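Visitor: The structure that follows is given in the form of structure tokens.
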Amino acid sequence: VIDLAVAGVTTTRVGGTISAVADSIYRIEFFSSPAAHTSGYGEAETYLGFATTSTDATGAARFRFSTPTLVSVGDVITATATLEGVGTSEFSQSVATRASLLVTNTNDAGGGSLRDAITAANAASGGDVIEFDIPGSGPHTIVPVTELPDITDQTIVDGRSEPDFAGAPVVEVDGGATWQVAFDLIGADGAAVLGLAVGGFTTAGIRAINAGDIT
């Protein structure tokens with residue numbers, strides 16, 4: 001299941017999960033197309049490459065894939081999973097790519113800040129992905145000087161994208177027991193906050209207001 005597809009400036013990035021045979025190595029192959037098949041699965045017009053992943057004792061695994069082959073925002077990504085000696089799955093459900101906004105520092109404001117990325121995502125049309133590439137080893141702690149802007153669009157804030165993420169959050173948003181909420185999702189159906197540590201807020205880390213499908 002592909003849960004994230006990003007059409008970046010220099011790379012195309014895909015992430016997701018599989019549930020399959022336990023303790024096995026799978027080859028995940030990725031394809032792009034300008035539009036999905038009417039079934040919602042496939043099509044596979046352009047081959048992008050592959051990644052390998054190993055399932056655990058329950059048969060679950062997460063995969064991440066990056067390629068310099070660029071696609072346009074809105075193009076769809078699909079994938080197949082192959083277990084050697086057993087076979088290849090059908091195409092996965094297609095997922096439309098989102099534009100990427102990059103957080104490159106822990107500053108409160110200005111270029112490369114989380115605040116700046118949220119503001120830009122709200123101003124842009126369609127869904128975006130806020131990703132992280134903060135130099136050095138984590139934890140990377142962002143301490144807002146004032147409350148962060150509300151998220152009012154279908155934006156995904158993906159802390160898993162930080163290069164030193166290895167299953168546990170390495171980017172933290174700390175309210176310092178001063179601000180009420182870190183992320184207010186207001187009317188933002190399809191928004192998500194993933195792979196971040198959020199703490200020190202007096203009311204909630206994440207709050208949804210008039211938002212339906214959120215994570």
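Residues in the structure tokens are named by chain (A, B, ... in the order shown) and by number from 1 within that chain; ligands are numbered from 1 in the order shown.
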Excluding same-chain residues fewer than 4 positions from A:Asp23, what lies within 12 Å of it counting only C-alpha atoms, as a PyMOL selection string?
Guide: chain A and resi 19+53-61+83
Visitor: Identify, with DSSP run on backbone atoms, the residues in stretch 24-213 of chain A assigned to strand (DSSP E), and express the list as an NGL selection string.
Guide: :A and (25-33 or 46-54 or 60-67 or 76-83 or 87-88 or 95-96 or 98-103 or 128-132 or 140-142 or 155-158 or 171-174 or 181-186 or 192-194 or 197-199 or 204-209)
Visitor: Report the closest atom pair, with its distance in Å rounded to one decimal, for each residue of stretch 24-87 of chain A that has an atom no farther than 6 Å from stretch 2-15 of chain A; count only C-alpha atoms, sort by chain and then rising residue number, and write it as a Markdown table.
Guide:
```
| residue | atom | partner | partner_atom | distance |
| --- | --- | --- | --- | --- |
| A:Phe63 | CA | A:Gly15 | CA | 5.6 |
| A:Arg64 | CA | A:Gly15 | CA | 4.5 |
| A:Phe65 | CA | A:Val14 | CA | 5.1 |
| A:Ser66 | CA | A:Arg13 | CA | 4.4 |
| A:Thr67 | CA | A:Thr12 | CA | 5.4 |
| A:Pro68 | CA | A:Thr11 | CA | 4.4 |
| A:Leu70 | CA | A:Thr12 | CA | 5.6 |
| A:Val71 | CA | A:Ala7 | CA | 5.9 |
| A:Val73 | CA | A:Ala7 | CA | 5.5 |
```
Visitor: Check which residues of stretch 150-187 of chain A sit at most 9 Å from stretch 133-141 of chain A using only C-alpha atoms, and return one row each with the closest pair of atoms and their distance in Å to one decimal, ordered by chain and rising number, as a tab-separated table.
Guide:
```
residue	atom	partner	partner_atom	distance
A:Ser161	CA	A:Asp133	CA	7.3
A:Glu162	CA	A:Asp133	CA	5.2
A:Pro163	CA	A:Asp133	CA	6.4
A:Asp164	CA	A:Ser137	CA	6.6
A:Phe165	CA	A:Gly138	CA	8.4
A:Pro169	CA	A:Pro139	CA	8.0
A:Val170	CA	A:Pro139	CA	4.6
A:Val171	CA	A:His140	CA	4.7
A:Glu172	CA	A:Thr141	CA	4.7
A:Val173	CA	A:Thr141	CA	5.9
A:Asp174	CA	A:Thr141	CA	6.8
```
Visitor: Write out as a list in words which residues come within 9 Å of A:Gln180 when counting only C-alpha atoms, dropping same-chain ones fewer than 2 positions away.
Guide: Glu147, Gly175, Ala177, Thr178, Ala182, Gly200, Phe201, Thr202, Thr203, Ala204 and Gly205 of chain A
Visitor: Please produce an output containing C-alpha atoms for each residue in the selection, written as a PDB file, in the first residue's frame.
Guide:
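Contents of out_39.pdb, as written:
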```
ATOM      1  CA  GLU A 147       1.736  29.381  17.716  1.00  0.00           C
ATOM      2  CA  GLY A 175       5.552  24.028  22.889  1.00  0.00           C
ATOM      3  CA  ALA A 177       4.212  24.591  28.046  1.00  0.00           C
ATOM      4  CA  THR A 178       3.347  27.965  26.488  1.00  0.00           C
ATOM      5  CA  ALA A 182       1.061  22.402  17.791  1.00  0.00           C
ATOM      6  CA  GLY A 200       4.833  20.657  25.665  1.00  0.00           C
ATOM      7  CA  PHE A 201       1.487  21.982  24.420  1.00  0.00           C
ATOM      8  CA  THR A 202      -1.165  22.769  26.986  1.00  0.00           C
ATOM      9  CA  THR A 203      -4.229  21.488  25.096  1.00  0.00           C
ATOM     10  CA  ALA A 204      -3.214  19.030  22.377  1.00  0.00           C
ATOM     11  CA  GLY A 205      -0.429  18.151  19.990  1.00  0.00           C
TER      12      GLY A 205
END
```
Visitor: Which is closer to A:Arg115 than all the others in A:Val143, A:Ala208, A:Val95, A:Ile25, using only C-alpha atoms?
Guide: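 Checking each candidate against A:Arg115, we get A:Val143 as the closest.
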